[in-house]
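This report concerns only the one structure given below.
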Amino acid sequence: MLVNRLLWKHHQWNKTVVAVSSKAVFAQVTTNRPRWMSTVMSFGDGSQGALGLPDSVIGPRGDAYEPTRVLGLPSDITSISAGHYHSLAIDSRGGLWAWGRNQESQLGRDPLAPRDSWNDPKRVEGLDHVNVCAAFASGVISAAIDSDGSVWVWGKSKRGQLGLGKGIIETVVPRRVEALAGEKIVKVSFGWGHALAQTEDGKLLGWGYSADGRIGNVGEALEASPLDSNANISMNDKRFSGSGLDAAELMVLEGMEKEKDMPIIWEPRLVEELQGVEVRDIACGLDHSLVLCCLGHSLAICEVPSSDVEGGGMSIFSWGWNQCSQLGREGPENFPSMIEGWEGETPVSVSGGRVHSTALTSHGELWVWGCGKSGRLGLGSSSDEAEPTLLDCLEDFKVLQAVSGFDHNLVLMDE
């Protein structure tokens with residue numbers, strides 16, 4: 001089913017959700033610490049340069065099956081972010097570094113730059129006057145938040161993800177989102193064509209491709225995705241009387257034609273259903289959104305009753321698509337269920353890739369599960385893992401942060 005309709009409903013749970021992550025959600029946590037020595041490592045699919053590793057290290061196929069140090073970065077990286085096929089890192093002086101796919105200018109570089117330069121980490125130009133405290137990478141867009149709460153964006157999106165105004169679909173140089181002036185933004189999240197922003201005082205704003213309720217109600221009539229409207233077409237229509245392949249191609253072509261008039265919100269607007277409700281966290285999937293108050297997979301750290309821990313312990317709940325065991329458990333997929341086996345461990349952050357998952361514990365240990373193709377689990381093979389597995393090759397390090405892109409991961413470690 002192509003449509004993932006967003007239903008904005010409030011659910012009462014006897015658990016406290018403290019963190020969320022979703023497929024194609026690009027988890028990012030900023031650490032407020034004095035300058036220190038740190039190392040960034042990467043593993044997984046590097047075919048688009050997202051690993052930041054030279055060909056001499058990973059070879060012509062571009063995959064890294066074990067965590068490998070990213071060279072070319074300063075030694076004081078404080079935060080990392082993984083998009084679909086590119087990566088970002090912030091240093092202790094508020095500088096932002098980028099590497100990976102640049103076809104849509106998401107690195108803030110000339111999109112005509114040589115393809116073999118994509119895997120070289122370089123500082124993003126045009127942010128010299130910005131003290132970057134948080135950064136977020138999606139598929140075709142990058143964003144940075146200044147310490148004053150302003151949002152800066154660059155890249156290319158015909159679906160309005162830049163939020164810079166009607167008809168603006170591309171910028172190579174970072175530009176400030178003027179529609180958010182006056183708001184202190186603490187987090188942004190990007191889906192396939194939509195975006196959300198969370199303010200310091202708990203408001204939620206959305207913009208971009210609004211079909212099927214991806215950004216909730218922002219004052220415009222809700223519309224279905226043009227590419228899904230074909231579901232209502234009668235197959236008795238003579239245009240579709242040919243082979244199944246011909247009919248499918250015709251339906252896709254008609255859908256693409258309709259997308260020329262696709263519903264787009266070109267600048268950020270308040271999400272009306274959540275006015276008066278304090279938003280604590282946000283995450284965008286490809287075609288759906290999560291708000292701390294579909295068809296990918298989602299993860300949440302929740303406080304649950306525990307006889308061993310006063311006030312309760314922490315565990316991870318998962319739900320959604322589970323074809324490659326990315327839920328880390330068996331059982332129902334359509335509602336949140338707890339991943340067992342965290343006795344003695346306290347998860348502090350989670351991140352979901354396309355078909356794999358990672359979790360960081362309070363001990364600085366990284367656990368991985370799901371699809372192992374192209375080394376995305378960092379375990380030295382392409383084998384899948386049905387349950388959380390400790391990435392023991394990092395046992396001599398304390399992991400500060402771990403984030404997952406579509407098919408790769410970045411790890412920030414204390415030295």
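In the structure tokens, chains take letters A, B, ... by order of appearance, with residues numbered from 1 within each chain and ligands from 1 in the order shown.
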- Mind checking which residues fall within 6 Å of region 150-160 of chain A, counting only C-alpha atoms, ignoring those fewer than 6 positions away in the same chain, and posting them as a list of chain:residue names?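 The contact residues come out as A:Glu104, A:Ser105, A:Gln106, A:Val140, A:Ile141, A:Ser142, A:Ala143, A:Ala144, A:Ile169, A:Glu170, A:Thr171, A:Val172, A:Pro174, A:Arg175, A:Arg176, A:Val177, A:Gly193, A:Gly208, A:Tyr209, A:Trp266.
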- Task: Show which residues sit within 9 Å of Arg93 (chain A), as a ChimeraX atom specification. Count only C-alpha atoms, and ignore same-chain residues fewer than 2 positions away.
- Result: /A:35,76,90-91,95,131-132
- Item | Point-to-point distance from CA of Leu204 (chain A) to CA of Ala402 (chain A), Å rounded to tenths |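 It comes out at 25.5 Å.
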- Task: Tell me which of A:Cys324, A:Ala211, A:Ala137, A:Ala359 sits closest to Cys371 (chain A), counting only C-alpha atoms.
- Result: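 Among A:Cys324, A:Ala211, A:Ala137, A:Ala359, it is A:Cys324 that comes nearest to Cys371 (chain A).
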- Message: Excluding Arg376 (chain A) and its own-chain neighbours fewer than 4 positions away, which residues fall within 9 Å of it when counting only C-alpha atoms? Please give them as a PyMOL selection string.
- Response: chain A and resi 43-45+63-66+356+371-372+381-382+407-409
